[in-house]
file data00.cif (mmCIF, N, CA and C atoms)
data_upload
loop_
_atom_site.group_PDB
_atom_site.id
_atom_site.type_symbol
_atom_site.label_atom_id
_atom_site.label_comp_id
_atom_site.auth_asym_id
_atom_site.auth_seq_id
_atom_site.Cartn_x
_atom_site.Cartn_y
_atom_site.Cartn_z
ATOM 1 N N MET A 1 -20.338 -2.501 -2.149
ATOM 2 C CA MET A 1 -20.343 -1.196 -2.783
ATOM 3 C C MET A 1 -21.443 -1.172 -3.837
ATOM 4 N N SER A 2 -22.277 -0.187 -3.782
ATOM 5 C CA SER A 2 -23.401 -0.108 -4.712
ATOM 6 C C SER A 2 -22.997 0.610 -5.996
ATOM 7 N N ALA A 3 -23.889 0.562 -6.978
ATOM 8 C CA ALA A 3 -23.616 1.214 -8.262
ATOM 9 C C ALA A 3 -23.527 2.729 -8.102
ATOM 10 N N GLN A 4 -24.288 3.292 -7.167
ATOM 11 C CA GLN A 4 -24.255 4.740 -6.936
ATOM 12 C C GLN A 4 -22.881 5.170 -6.437
ATOM 13 N N THR A 5 -22.310 4.415 -5.490
ATOM 14 C CA THR A 5 -21.002 4.747 -4.947
ATOM 15 C C THR A 5 -19.936 4.628 -6.024
ATOM 16 N N THR A 6 -20.040 3.593 -6.856
ATOM 17 C CA THR A 6 -19.063 3.370 -7.910
ATOM 18 C C THR A 6 -19.051 4.528 -8.896
ATOM 19 N N GLN A 7 -20.207 5.014 -9.284
ATOM 20 C CA GLN A 7 -20.268 6.076 -10.273
ATOM 21 C C GLN A 7 -19.732 7.384 -9.724
ATOM 22 N N LYS A 8 -19.905 7.636 -8.426
ATOM 23 C CA LYS A 8 -19.379 8.861 -7.829
ATOM 24 C C LYS A 8 -17.870 8.792 -7.705
ATOM 25 N N GLN A 9 -17.337 7.598 -7.490
ATOM 26 C CA GLN A 9 -15.921 7.425 -7.221
ATOM 27 C C GLN A 9 -15.061 7.586 -8.480
ATOM 28 N N PHE A 10 -15.559 7.134 -9.641
ATOM 29 C CA PHE A 10 -14.786 7.159 -10.871
ATOM 30 C C PHE A 10 -15.486 7.991 -11.930
ATOM 31 N N ASP A 11 -14.696 8.579 -12.821
ATOM 32 C CA ASP A 11 -15.228 9.335 -13.939
ATOM 33 C C ASP A 11 -15.793 8.357 -14.968
ATOM 34 N N GLU A 12 -17.026 8.573 -15.404
ATOM 35 C CA GLU A 12 -17.682 7.642 -16.329
ATOM 36 C C GLU A 12 -16.957 7.579 -17.670
ATOM 37 N N GLY A 13 -16.414 8.702 -18.139
ATOM 38 C CA GLY A 13 -15.652 8.709 -19.392
ATOM 39 C C GLY A 13 -14.419 7.834 -19.308
ATOM 40 N N ARG A 14 -13.750 7.865 -18.166
ATOM 41 C CA ARG A 14 -12.570 7.019 -17.945
ATOM 42 C C ARG A 14 -12.977 5.548 -17.919
ATOM 43 N N LEU A 15 -14.082 5.231 -17.267
ATOM 44 C CA LEU A 15 -14.532 3.841 -17.177
ATOM 45 C C LEU A 15 -14.865 3.263 -18.547
ATOM 46 N N MET A 16 -15.342 4.107 -19.459
ATOM 47 C CA MET A 16 -15.664 3.643 -20.809
ATOM 48 C C MET A 16 -14.398 3.255 -21.587
ATOM 49 N N GLN A 17 -13.247 3.786 -21.194
ATOM 50 C CA GLN A 17 -11.994 3.519 -21.903
ATOM 51 C C GLN A 17 -11.156 2.426 -21.258
ATOM 52 N N VAL A 18 -11.452 2.050 -20.018
ATOM 53 C CA VAL A 18 -10.633 1.087 -19.280
ATOM 54 C C VAL A 18 -10.595 -0.272 -19.973
ATOM 55 N N LEU A 19 -11.752 -0.787 -20.384
ATOM 56 C CA LEU A 19 -11.811 -2.083 -21.070
ATOM 57 C C LEU A 19 -11.515 -1.876 -22.547
ATOM 58 N N VAL A 20 -10.421 -2.459 -23.024
ATOM 59 C CA VAL A 20 -10.033 -2.296 -24.427
ATOM 60 C C VAL A 20 -10.771 -3.296 -25.304
ATOM 61 N N ALA A 21 -10.748 -4.583 -24.911
ATOM 62 C CA ALA A 21 -11.393 -5.624 -25.718
ATOM 63 C C ALA A 21 -11.549 -6.895 -24.892
ATOM 64 N N PRO A 22 -12.556 -7.698 -25.193
ATOM 65 C CA PRO A 22 -12.637 -9.016 -24.547
ATOM 66 C C PRO A 22 -11.620 -9.951 -25.191
ATOM 67 N N ILE A 23 -11.119 -10.891 -24.425
ATOM 68 C CA ILE A 23 -10.182 -11.876 -24.963
ATOM 69 C C ILE A 23 -10.965 -13.154 -25.207
ATOM 70 N N VAL A 24 -11.010 -13.569 -26.470
ATOM 71 C CA VAL A 24 -11.732 -14.779 -26.843
ATOM 72 C C VAL A 24 -10.721 -15.772 -27.394
ATOM 73 N N SER A 25 -10.441 -16.802 -26.611
ATOM 74 C CA SER A 25 -9.494 -17.843 -27.010
ATOM 75 C C SER A 25 -9.934 -19.149 -26.349
ATOM 76 N N GLU A 26 -9.223 -20.220 -26.635
ATOM 77 C CA GLU A 26 -9.563 -21.504 -26.024
ATOM 78 C C GLU A 26 -9.380 -21.447 -24.515
ATOM 79 N N LYS A 27 -8.284 -20.825 -24.085
ATOM 80 C CA LYS A 27 -8.011 -20.733 -22.657
ATOM 81 C C LYS A 27 -9.070 -19.866 -21.965
ATOM 82 N N ALA A 28 -9.428 -18.756 -22.587
ATOM 83 C CA ALA A 28 -10.428 -17.859 -22.000
ATOM 84 C C ALA A 28 -11.782 -18.561 -21.885
ATOM 85 N N THR A 29 -12.144 -19.355 -22.875
ATOM 86 C CA THR A 29 -13.409 -20.087 -22.854
ATOM 87 C C THR A 29 -13.399 -21.143 -21.755
ATOM 88 N N ALA A 30 -12.279 -21.834 -21.602
ATOM 89 C CA ALA A 30 -12.172 -22.853 -20.555
ATOM 90 C C ALA A 30 -12.280 -22.223 -19.168
ATOM 91 N N VAL A 31 -11.634 -21.078 -18.982
ATOM 92 C CA VAL A 31 -11.693 -20.371 -17.692
ATOM 93 C C VAL A 31 -13.109 -19.899 -17.420
ATOM 94 N N ALA A 32 -13.787 -19.410 -18.467
ATOM 95 C CA ALA A 32 -15.160 -18.917 -18.314
ATOM 96 C C ALA A 32 -16.101 -20.036 -17.866
ATOM 97 N N GLU A 33 -15.947 -21.210 -18.444
ATOM 98 C CA GLU A 33 -16.824 -22.327 -18.096
ATOM 99 C C GLU A 33 -16.518 -22.871 -16.704
ATOM 100 N N LYS A 34 -15.234 -22.955 -16.361
ATOM 101 C CA LYS A 34 -14.831 -23.573 -15.103
ATOM 102 C C LYS A 34 -15.043 -22.654 -13.895
ATOM 103 N N ASN A 35 -14.627 -21.390 -14.003
ATOM 104 C CA ASN A 35 -14.590 -20.499 -12.842
ATOM 105 C C ASN A 35 -15.564 -19.329 -12.901
ATOM 106 N N ASN A 36 -16.413 -19.267 -13.916
ATOM 107 C CA ASN A 36 -17.335 -18.146 -14.107
ATOM 108 C C ASN A 36 -16.566 -16.823 -14.172
ATOM 109 N N GLN A 37 -15.483 -16.826 -14.974
ATOM 110 C CA GLN A 37 -14.660 -15.638 -15.159
ATOM 111 C C GLN A 37 -14.690 -15.203 -16.613
ATOM 112 N N VAL A 38 -14.402 -13.912 -16.837
ATOM 113 C CA VAL A 38 -14.324 -13.366 -18.182
ATOM 114 C C VAL A 38 -12.994 -12.634 -18.291
ATOM 115 N N LEU A 39 -12.325 -12.739 -19.455
ATOM 116 C CA LEU A 39 -11.041 -12.086 -19.650
ATOM 117 C C LEU A 39 -11.197 -10.848 -20.505
ATOM 118 N N PHE A 40 -10.503 -9.779 -20.114
ATOM 119 C CA PHE A 40 -10.505 -8.532 -20.866
ATOM 120 C C PHE A 40 -9.086 -8.027 -21.032
ATOM 121 N N LYS A 41 -8.826 -7.399 -22.168
ATOM 122 C CA LYS A 41 -7.608 -6.623 -22.353
ATOM 123 C C LYS A 41 -7.932 -5.245 -21.811
ATOM 124 N N VAL A 42 -7.086 -4.713 -20.919
ATOM 125 C CA VAL A 42 -7.367 -3.428 -20.271
ATOM 126 C C VAL A 42 -6.189 -2.474 -20.450
ATOM 127 N N LEU A 43 -6.408 -1.205 -20.126
ATOM 128 C CA LEU A 43 -5.349 -0.198 -20.208
ATOM 129 C C LEU A 43 -4.221 -0.536 -19.238
ATOM 130 N N GLN A 44 -2.987 -0.114 -19.570
ATOM 131 C CA GLN A 44 -1.822 -0.413 -18.745
ATOM 132 C C GLN A 44 -1.934 0.173 -17.340
ATOM 133 N N ASP A 45 -2.576 1.325 -17.206
ATOM 134 C CA ASP A 45 -2.647 1.989 -15.902
ATOM 135 C C ASP A 45 -3.976 1.766 -15.189
ATOM 136 N N ALA A 46 -4.774 0.803 -15.653
ATOM 137 C CA ALA A 46 -6.074 0.529 -15.036
ATOM 138 C C ALA A 46 -5.883 -0.189 -13.702
ATOM 139 N N THR A 47 -6.671 0.207 -12.706
ATOM 140 C CA THR A 47 -6.607 -0.433 -11.398
ATOM 141 C C THR A 47 -7.744 -1.443 -11.258
ATOM 142 N N LYS A 48 -7.632 -2.328 -10.272
ATOM 143 C CA LYS A 48 -8.672 -3.340 -10.055
ATOM 144 C C LYS A 48 -10.041 -2.710 -9.762
ATOM 145 N N PRO A 49 -10.114 -1.698 -8.881
ATOM 146 C CA PRO A 49 -11.430 -1.085 -8.644
ATOM 147 C C PRO A 49 -12.014 -0.425 -9.895
ATOM 148 N N GLU A 50 -11.157 0.160 -10.733
ATOM 149 C CA GLU A 50 -11.634 0.763 -11.984
ATOM 150 C C GLU A 50 -12.195 -0.301 -12.919
ATOM 151 N N ILE A 51 -11.498 -1.421 -13.022
ATOM 152 C CA ILE A 51 -11.937 -2.507 -13.905
ATOM 153 C C ILE A 51 -13.276 -3.058 -13.419
ATOM 154 N N LYS A 52 -13.398 -3.244 -12.118
ATOM 155 C CA LYS A 52 -14.652 -3.747 -11.540
ATOM 156 C C LYS A 52 -15.797 -2.784 -11.836
ATOM 157 N N ALA A 53 -15.559 -1.501 -11.624
ATOM 158 C CA ALA A 53 -16.599 -0.493 -11.862
ATOM 159 C C ALA A 53 -16.979 -0.432 -13.340
ATOM 160 N N ALA A 54 -15.985 -0.564 -14.234
ATOM 161 C CA ALA A 54 -16.247 -0.500 -15.674
ATOM 162 C C ALA A 54 -17.106 -1.675 -16.127
ATOM 163 N N VAL A 55 -16.797 -2.879 -15.655
ATOM 164 C CA VAL A 55 -17.571 -4.062 -16.044
ATOM 165 C C VAL A 55 -19.002 -3.948 -15.515
ATOM 166 N N GLU A 56 -19.150 -3.500 -14.271
ATOM 167 C CA GLU A 56 -20.490 -3.354 -13.699
ATOM 168 C C GLU A 56 -21.295 -2.291 -14.434
ATOM 169 N N LEU A 57 -20.634 -1.221 -14.861
ATOM 170 C CA LEU A 57 -21.319 -0.143 -15.573
ATOM 171 C C LEU A 57 -21.724 -0.564 -16.982
ATOM 172 N N LEU A 58 -20.803 -1.172 -17.729
ATOM 173 C CA LEU A 58 -21.060 -1.499 -19.128
ATOM 174 C C LEU A 58 -21.974 -2.707 -19.315
ATOM 175 N N PHE A 59 -21.828 -3.730 -18.481
ATOM 176 C CA PHE A 59 -22.547 -4.977 -18.712
ATOM 177 C C PHE A 59 -23.672 -5.236 -17.714
ATOM 178 N N LYS A 60 -23.834 -4.353 -16.716
ATOM 179 C CA LYS A 60 -24.924 -4.480 -15.733
ATOM 180 C C LYS A 60 -24.905 -5.836 -15.031
ATOM 181 N N VAL A 61 -23.721 -6.263 -14.582
ATOM 182 C CA VAL A 61 -23.566 -7.500 -13.821
ATOM 183 C C VAL A 61 -22.839 -7.179 -12.518
ATOM 184 N N GLU A 62 -22.887 -8.116 -11.568
ATOM 185 C CA GLU A 62 -22.181 -7.944 -10.308
ATOM 186 C C GLU A 62 -20.855 -8.692 -10.371
ATOM 187 N N VAL A 63 -19.775 -8.011 -10.003
ATOM 188 C CA VAL A 63 -18.433 -8.580 -10.053
ATOM 189 C C VAL A 63 -18.010 -8.992 -8.646
ATOM 190 N N ASP A 64 -17.472 -10.207 -8.524
ATOM 191 C CA ASP A 64 -17.001 -10.701 -7.239
ATOM 192 C C ASP A 64 -15.584 -10.204 -6.971
ATOM 193 N N LYS A 65 -14.659 -10.501 -7.905
ATOM 194 C CA LYS A 65 -13.281 -10.036 -7.742
ATOM 195 C C LYS A 65 -12.604 -9.907 -9.092
ATOM 196 N N VAL A 66 -11.456 -9.226 -9.082
ATOM 197 C CA VAL A 66 -10.693 -8.985 -10.304
ATOM 198 C C VAL A 66 -9.236 -9.361 -10.051
ATOM 199 N N SER A 67 -8.657 -10.141 -10.957
ATOM 200 C CA SER A 67 -7.230 -10.448 -10.924
ATOM 201 C C SER A 67 -6.602 -9.859 -12.180
ATOM 202 N N VAL A 68 -5.376 -9.353 -12.051
ATOM 203 C CA VAL A 68 -4.730 -8.682 -13.173
ATOM 204 C C VAL A 68 -3.378 -9.327 -13.448
ATOM 205 N N VAL A 69 -3.055 -9.500 -14.735
ATOM 206 C CA VAL A 69 -1.781 -10.069 -15.158
ATOM 207 C C VAL A 69 -1.129 -9.120 -16.149
ATOM 208 N N ASN A 70 0.153 -8.797 -15.911
ATOM 209 C CA ASN A 70 0.924 -7.994 -16.854
ATOM 210 C C ASN A 70 1.793 -8.922 -17.681
ATOM 211 N N ILE A 71 1.742 -8.786 -19.004
ATOM 212 C CA ILE A 71 2.515 -9.633 -19.906
ATOM 213 C C ILE A 71 3.463 -8.756 -20.710
ATOM 214 N N LYS A 72 4.754 -9.071 -20.647
ATOM 215 C CA LYS A 72 5.739 -8.305 -21.406
ATOM 216 C C LYS A 72 5.622 -8.632 -22.888
ATOM 217 N N GLY A 73 5.816 -7.626 -23.728
ATOM 218 C CA GLY A 73 5.767 -7.838 -25.167
ATOM 219 C C GLY A 73 6.978 -8.616 -25.650
ATOM 220 N N LYS A 74 6.747 -9.502 -26.600
ATOM 221 C CA LYS A 74 7.834 -10.317 -27.127
ATOM 222 C C LYS A 74 8.697 -9.508 -28.087
ATOM 223 N N THR A 75 9.973 -9.872 -28.170
ATOM 224 C CA THR A 75 10.870 -9.290 -29.161
ATOM 225 C C THR A 75 10.776 -10.155 -30.416
ATOM 226 N N LYS A 76 10.530 -9.524 -31.546
ATOM 227 C CA LYS A 76 10.367 -10.245 -32.807
ATOM 228 C C LYS A 76 11.284 -9.658 -33.870
ATOM 229 N N ARG A 77 11.676 -10.485 -34.820
ATOM 230 C CA ARG A 77 12.512 -10.023 -35.933
ATOM 231 C C ARG A 77 11.628 -9.751 -37.140
ATOM 232 N N PHE A 78 11.921 -8.670 -37.816
ATOM 233 C CA PHE A 78 11.249 -8.329 -39.065
ATOM 234 C C PHE A 78 12.340 -8.117 -40.099
ATOM 235 N N GLY A 79 12.681 -9.187 -40.832
ATOM 236 C CA GLY A 79 13.802 -9.090 -41.762
ATOM 237 C C GLY A 79 15.088 -8.914 -40.979
ATOM 238 N N LYS A 80 15.823 -7.850 -41.296
ATOM 239 C CA LYS A 80 17.060 -7.591 -40.563
ATOM 240 C C LYS A 80 16.816 -6.853 -39.256
ATOM 241 N N GLY A 81 15.698 -6.174 -39.175
ATOM 242 C CA GLY A 81 15.423 -5.374 -37.985
ATOM 243 C C GLY A 81 14.794 -6.176 -36.863
ATOM 244 N N VAL A 82 14.923 -5.640 -35.678
ATOM 245 C CA VAL A 82 14.320 -6.262 -34.505
ATOM 246 C C VAL A 82 13.263 -5.313 -33.966
ATOM 247 N N GLY A 83 12.063 -5.851 -33.730
ATOM 248 C CA GLY A 83 10.974 -5.046 -33.190
ATOM 249 C C GLY A 83 10.474 -5.641 -31.891
ATOM 250 N N ARG A 84 9.537 -4.965 -31.301
ATOM 251 C CA ARG A 84 8.987 -5.444 -30.035
ATOM 252 C C ARG A 84 7.476 -5.246 -30.043
ATOM 253 N N ARG A 85 6.762 -6.262 -29.609
ATOM 254 C CA ARG A 85 5.312 -6.156 -29.481
ATOM 255 C C ARG A 85 4.984 -5.340 -28.229
ATOM 256 N N ASP A 86 3.776 -4.793 -28.205
ATOM 257 C CA ASP A 86 3.358 -3.995 -27.058
ATOM 258 C C ASP A 86 3.156 -4.876 -25.823
ATOM 259 N N ASN A 87 3.365 -4.282 -24.656
ATOM 260 C CA ASN A 87 3.040 -4.966 -23.409
ATOM 261 C C ASN A 87 1.526 -5.083 -23.310
ATOM 262 N N LEU A 88 1.063 -6.069 -22.550
ATOM 263 C CA LEU A 88 -0.363 -6.356 -22.455
ATOM 264 C C LEU A 88 -0.752 -6.508 -20.997
ATOM 265 N N ARG A 89 -1.908 -6.009 -20.645
ATOM 266 C CA ARG A 89 -2.453 -6.176 -19.297
ATOM 267 C C ARG A 89 -3.798 -6.859 -19.425
ATOM 268 N N LYS A 90 -3.920 -8.041 -18.797
ATOM 269 C CA LYS A 90 -5.156 -8.823 -18.854
ATOM 270 C C LYS A 90 -5.852 -8.759 -17.507
ATOM 271 N N ALA A 91 -7.166 -8.710 -17.545
ATOM 272 C CA ALA A 91 -7.954 -8.740 -16.317
ATOM 273 C C ALA A 91 -8.847 -9.976 -16.331
ATOM 274 N N TYR A 92 -8.717 -10.792 -15.302
ATOM 275 C CA TYR A 92 -9.605 -11.928 -15.094
ATOM 276 C C TYR A 92 -10.709 -11.437 -14.157
ATOM 277 N N VAL A 93 -11.925 -11.283 -14.678
ATOM 278 C CA VAL A 93 -13.037 -10.751 -13.899
ATOM 279 C C VAL A 93 -13.920 -11.909 -13.471
ATOM 280 N N CYS A 94 -14.006 -12.133 -12.157
ATOM 281 C CA CYS A 94 -14.822 -13.211 -11.602
ATOM 282 C C CYS A 94 -16.202 -12.659 -11.274
ATOM 283 N N LEU A 95 -17.225 -13.222 -11.910
ATOM 284 C CA LEU A 95 -18.602 -12.773 -11.690
ATOM 285 C C LEU A 95 -19.217 -13.505 -10.502
ATOM 286 N N LYS A 96 -20.161 -12.862 -9.831
ATOM 287 C CA LYS A 96 -20.847 -13.497 -8.710
ATOM 288 C C LYS A 96 -21.723 -14.637 -9.224
ATOM 289 N N ALA A 97 -22.051 -15.546 -8.339
ATOM 290 C CA ALA A 97 -22.852 -16.720 -8.705
ATOM 291 C C ALA A 97 -24.187 -16.285 -9.309
ATOM 292 N N GLY A 98 -24.556 -16.922 -10.413
ATOM 293 C CA GLY A 98 -25.820 -16.608 -11.075
ATOM 294 C C GLY A 98 -25.715 -15.496 -12.102
ATOM 295 N N GLN A 99 -24.566 -14.837 -12.182
ATOM 296 C CA GLN A 99 -24.371 -13.755 -13.142
ATOM 297 C C GLN A 99 -23.769 -14.324 -14.425
ATOM 298 N N GLU A 100 -24.174 -13.752 -15.550
ATOM 299 C CA GLU A 100 -23.644 -14.174 -16.847
ATOM 300 C C GLU A 100 -23.428 -12.961 -17.704
ATOM 301 N N LEU A 101 -22.337 -12.958 -18.452
ATOM 302 C CA LEU A 101 -22.016 -11.806 -19.289
ATOM 303 C C LEU A 101 -22.315 -12.148 -20.743
ATOM 304 N N ASN A 102 -23.019 -11.242 -21.426
ATOM 305 C CA ASN A 102 -23.447 -11.479 -22.794
ATOM 306 C C ASN A 102 -22.818 -10.427 -23.703
ATOM 307 N N PHE A 103 -21.919 -10.851 -24.610
ATOM 308 C CA PHE A 103 -21.217 -9.918 -25.493
ATOM 309 C C PHE A 103 -22.057 -9.476 -26.686
ATOM 310 N N SER A 104 -23.169 -10.162 -26.963
ATOM 311 C CA SER A 104 -23.955 -9.842 -28.161
ATOM 312 C C SER A 104 -24.762 -8.561 -28.008
ATOM 313 N N GLY A 105 -24.861 -8.040 -26.789
ATOM 314 C CA GLY A 105 -25.573 -6.790 -26.587
ATOM 315 C C GLY A 105 -27.030 -6.944 -26.195
ATOM 316 N N GLU A 106 -27.538 -8.173 -26.208
ATOM 317 C CA GLU A 106 -28.928 -8.401 -25.817
ATOM 318 C C GLU A 106 -28.988 -8.560 -24.302
ATOM 319 N N ALA A 107 -30.030 -8.084 -23.706
ATOM 320 C CA ALA A 107 -30.200 -8.218 -22.258
ATOM 321 C C ALA A 107 -30.554 -9.663 -21.926
ATOM 322 N N ALA A 108 -29.909 -10.209 -20.913
ATOM 323 C CA ALA A 108 -30.156 -11.617 -20.535
ATOM 324 C C ALA A 108 -31.311 -11.713 -19.562
#
call {"tool": "encode", "arguments": {"input": "data00.cif", "output": "C-alpha cells"}}
result
Amino acid sequence: MSAQTTQKQFDEGRLMQVLVAPIVSEKATAVAEKNNQVLFKVLQDATKPEIKAAVELLFKVEVDKVSVVNIKGKTKRFGKGVGRRDNLRKAYVCLKAGQELNFSGEAA
C-alpha cells in the first residue's frame, strides 16, 4: 500500500490524533534494539491500519506490521477512597529492515 492510498483511506486530522505518545522505558528500548520495533501509546479506538498510516505519515518511515495490546487500568487506593487508573492501549510498531525512527525531529 502506497502513501497515496493511505492518505485517501484515512482522514489526516484523525491520523494526527491516533498516536498519543511514544513509550520510553527499559523494556521499550530493549524491544527497539532487538526487534526493530517502536512502542506508542495510542487511542482506545485506534485500529492497526490507522496506527500504521499515522506512523508512516508523521515519521516518513515504512512500517512492516503493527501489534496492539490492551492493558486494564489498575485499582488504586487514595486514602480511604478507591480509584482506578485509565485503561491503556499500546502499539508495537515493527519497522521494515533499514528503517529507523528519530524522535528528535531531525531527518535521518
call {"tool": "residues_around", "arguments": {"input": "data00.cif", "residues": "Arg89 in chain A", "least_positions_apart": "6", "cutoff": "8 Å", "atoms": "all atoms listed in the file", "output": "PyMOL selection string"}}
result
chain A and resi 40-45+68-72
call {"tool": "atom_distance", "arguments": {"input": "data00.cif", "atom1": "atom C of Val61 in chain A", "atom2": "atom N of Lys96 in chain A"}}
result
6.8 Å
call {"tool": "select_by_dssp", "arguments": {"input": "data00.cif", "residues": "chain A", "states": "strand (DSSP E or B)", "output": "mmCIF file with N, CA and C atoms, in the frame of the given file"}}
result
data_model
loop_
_atom_site.group_PDB
_atom_site.id
_atom_site.type_symbol
_atom_site.label_atom_id
_atom_site.label_comp_id
_atom_site.auth_asym_id
_atom_site.auth_seq_id
_atom_site.Cartn_x
_atom_site.Cartn_y
_atom_site.Cartn_z
ATOM 1 N N LEU A 19 -11.752 -0.787 -20.384
ATOM 2 C CA LEU A 19 -11.811 -2.083 -21.070
ATOM 3 C C LEU A 19 -11.515 -1.876 -22.547
ATOM 4 N N VAL A 20 -10.421 -2.459 -23.024
ATOM 5 C CA VAL A 20 -10.033 -2.296 -24.427
ATOM 6 C C VAL A 20 -10.771 -3.296 -25.304
ATOM 7 N N ALA A 21 -10.748 -4.583 -24.911
ATOM 8 C CA ALA A 21 -11.393 -5.624 -25.718
ATOM 9 C C ALA A 21 -11.549 -6.895 -24.892
ATOM 10 N N PRO A 22 -12.556 -7.698 -25.193
ATOM 11 C CA PRO A 22 -12.637 -9.016 -24.547
ATOM 12 C C PRO A 22 -11.620 -9.951 -25.191
ATOM 13 N N GLN A 37 -15.483 -16.826 -14.974
ATOM 14 C CA GLN A 37 -14.660 -15.638 -15.159
ATOM 15 C C GLN A 37 -14.690 -15.203 -16.613
ATOM 16 N N VAL A 38 -14.402 -13.912 -16.837
ATOM 17 C CA VAL A 38 -14.324 -13.366 -18.182
ATOM 18 C C VAL A 38 -12.994 -12.634 -18.291
ATOM 19 N N LEU A 39 -12.325 -12.739 -19.455
ATOM 20 C CA LEU A 39 -11.041 -12.086 -19.650
ATOM 21 C C LEU A 39 -11.197 -10.848 -20.505
ATOM 22 N N PHE A 40 -10.503 -9.779 -20.114
ATOM 23 C CA PHE A 40 -10.505 -8.532 -20.866
ATOM 24 C C PHE A 40 -9.086 -8.027 -21.032
ATOM 25 N N LYS A 41 -8.826 -7.399 -22.168
ATOM 26 C CA LYS A 41 -7.608 -6.623 -22.353
ATOM 27 C C LYS A 41 -7.932 -5.245 -21.811
ATOM 28 N N VAL A 42 -7.086 -4.713 -20.919
ATOM 29 C CA VAL A 42 -7.367 -3.428 -20.271
ATOM 30 C C VAL A 42 -6.189 -2.474 -20.450
ATOM 31 N N VAL A 63 -19.775 -8.011 -10.003
ATOM 32 C CA VAL A 63 -18.433 -8.580 -10.053
ATOM 33 C C VAL A 63 -18.010 -8.992 -8.646
ATOM 34 N N ASP A 64 -17.472 -10.207 -8.524
ATOM 35 C CA ASP A 64 -17.001 -10.701 -7.239
ATOM 36 C C ASP A 64 -15.584 -10.204 -6.971
ATOM 37 N N LYS A 65 -14.659 -10.501 -7.905
ATOM 38 C CA LYS A 65 -13.281 -10.036 -7.742
ATOM 39 C C LYS A 65 -12.604 -9.907 -9.092
ATOM 40 N N VAL A 66 -11.456 -9.226 -9.082
ATOM 41 C CA VAL A 66 -10.693 -8.985 -10.304
ATOM 42 C C VAL A 66 -9.236 -9.361 -10.051
ATOM 43 N N SER A 67 -8.657 -10.141 -10.957
ATOM 44 C CA SER A 67 -7.230 -10.448 -10.924
ATOM 45 C C SER A 67 -6.602 -9.859 -12.180
ATOM 46 N N VAL A 68 -5.376 -9.353 -12.051
ATOM 47 C CA VAL A 68 -4.730 -8.682 -13.173
ATOM 48 C C VAL A 68 -3.378 -9.327 -13.448
ATOM 49 N N VAL A 69 -3.055 -9.500 -14.735
ATOM 50 C CA VAL A 69 -1.781 -10.069 -15.158
ATOM 51 C C VAL A 69 -1.129 -9.120 -16.149
ATOM 52 N N ASN A 70 0.153 -8.797 -15.911
ATOM 53 C CA ASN A 70 0.924 -7.994 -16.854
ATOM 54 C C ASN A 70 1.793 -8.922 -17.681
ATOM 55 N N ILE A 71 1.742 -8.786 -19.004
ATOM 56 C CA ILE A 71 2.515 -9.633 -19.906
ATOM 57 C C ILE A 71 3.463 -8.756 -20.710
ATOM 58 N N THR A 75 9.973 -9.872 -28.170
ATOM 59 C CA THR A 75 10.870 -9.290 -29.161
ATOM 60 C C THR A 75 10.776 -10.155 -30.416
ATOM 61 N N LYS A 76 10.530 -9.524 -31.546
ATOM 62 C CA LYS A 76 10.367 -10.245 -32.807
ATOM 63 C C LYS A 76 11.284 -9.658 -33.870
ATOM 64 N N ARG A 77 11.676 -10.485 -34.820
ATOM 65 C CA ARG A 77 12.512 -10.023 -35.933
ATOM 66 C C ARG A 77 11.628 -9.751 -37.140
ATOM 67 N N PHE A 78 11.921 -8.670 -37.816
ATOM 68 C CA PHE A 78 11.249 -8.329 -39.065
ATOM 69 C C PHE A 78 12.340 -8.117 -40.099
ATOM 70 N N GLY A 81 15.698 -6.174 -39.175
ATOM 71 C CA GLY A 81 15.423 -5.374 -37.985
ATOM 72 C C GLY A 81 14.794 -6.176 -36.863
ATOM 73 N N VAL A 82 14.923 -5.640 -35.678
ATOM 74 C CA VAL A 82 14.320 -6.262 -34.505
ATOM 75 C C VAL A 82 13.263 -5.313 -33.966
ATOM 76 N N GLY A 83 12.063 -5.851 -33.730
ATOM 77 C CA GLY A 83 10.974 -5.046 -33.190
ATOM 78 C C GLY A 83 10.474 -5.641 -31.891
ATOM 79 N N ARG A 84 9.537 -4.965 -31.301
ATOM 80 C CA ARG A 84 8.987 -5.444 -30.035
ATOM 81 C C ARG A 84 7.476 -5.246 -30.043
ATOM 82 N N LEU A 88 1.063 -6.069 -22.550
ATOM 83 C CA LEU A 88 -0.363 -6.356 -22.455
ATOM 84 C C LEU A 88 -0.752 -6.508 -20.997
ATOM 85 N N ARG A 89 -1.908 -6.009 -20.645
ATOM 86 C CA ARG A 89 -2.453 -6.176 -19.297
ATOM 87 C C ARG A 89 -3.798 -6.859 -19.425
ATOM 88 N N LYS A 90 -3.920 -8.041 -18.797
ATOM 89 C CA LYS A 90 -5.156 -8.823 -18.854
ATOM 90 C C LYS A 90 -5.852 -8.759 -17.507
ATOM 91 N N ALA A 91 -7.166 -8.710 -17.545
ATOM 92 C CA ALA A 91 -7.954 -8.740 -16.317
ATOM 93 C C ALA A 91 -8.847 -9.976 -16.331
ATOM 94 N N TYR A 92 -8.717 -10.792 -15.302
ATOM 95 C CA TYR A 92 -9.605 -11.928 -15.094
ATOM 96 C C TYR A 92 -10.709 -11.437 -14.157
ATOM 97 N N VAL A 93 -11.925 -11.283 -14.678
ATOM 98 C CA VAL A 93 -13.037 -10.751 -13.899
ATOM 99 C C VAL A 93 -13.920 -11.909 -13.471
ATOM 100 N N CYS A 94 -14.006 -12.133 -12.157
ATOM 101 C CA CYS A 94 -14.822 -13.211 -11.602
ATOM 102 C C CYS A 94 -16.202 -12.659 -11.274
ATOM 103 N N LEU A 95 -17.225 -13.222 -11.910
ATOM 104 C CA LEU A 95 -18.602 -12.773 -11.690
ATOM 105 C C LEU A 95 -19.217 -13.505 -10.502
#
call {"tool": "resolve_selection", "arguments": {"input": "data00.cif", "expression": "the PyMOL selection byres ((chain A and resi 31-38) around 7)", "output": "NGL selection string"}}
result
:A and (23 or 26-30 or 39-40 or 91-96)
call {"tool": "resolve_selection", "arguments": {"input": "data00.cif", "expression": "the PyMOL selection byres ((chain A and resi 46-60) around 8)", "output": "VMD selection string"}}
result
chain A and resid 3 6 to 7 10 14 to 19 42 to 45 61 to 68 91 93 100 to 102
call {"tool": "atom_distance", "arguments": {"input": "data00.cif", "atom1": "CA of Lys90 in chain A", "atom2": "CA of Gly73 in chain A"}}
result
12.7 Å
call {"tool": "atom_distance", "arguments": {"input": "data00.cif", "atom1": "CA of Arg84 in chain A", "atom2": "CA of Ala21 in chain A"}}
result
20.8 Å
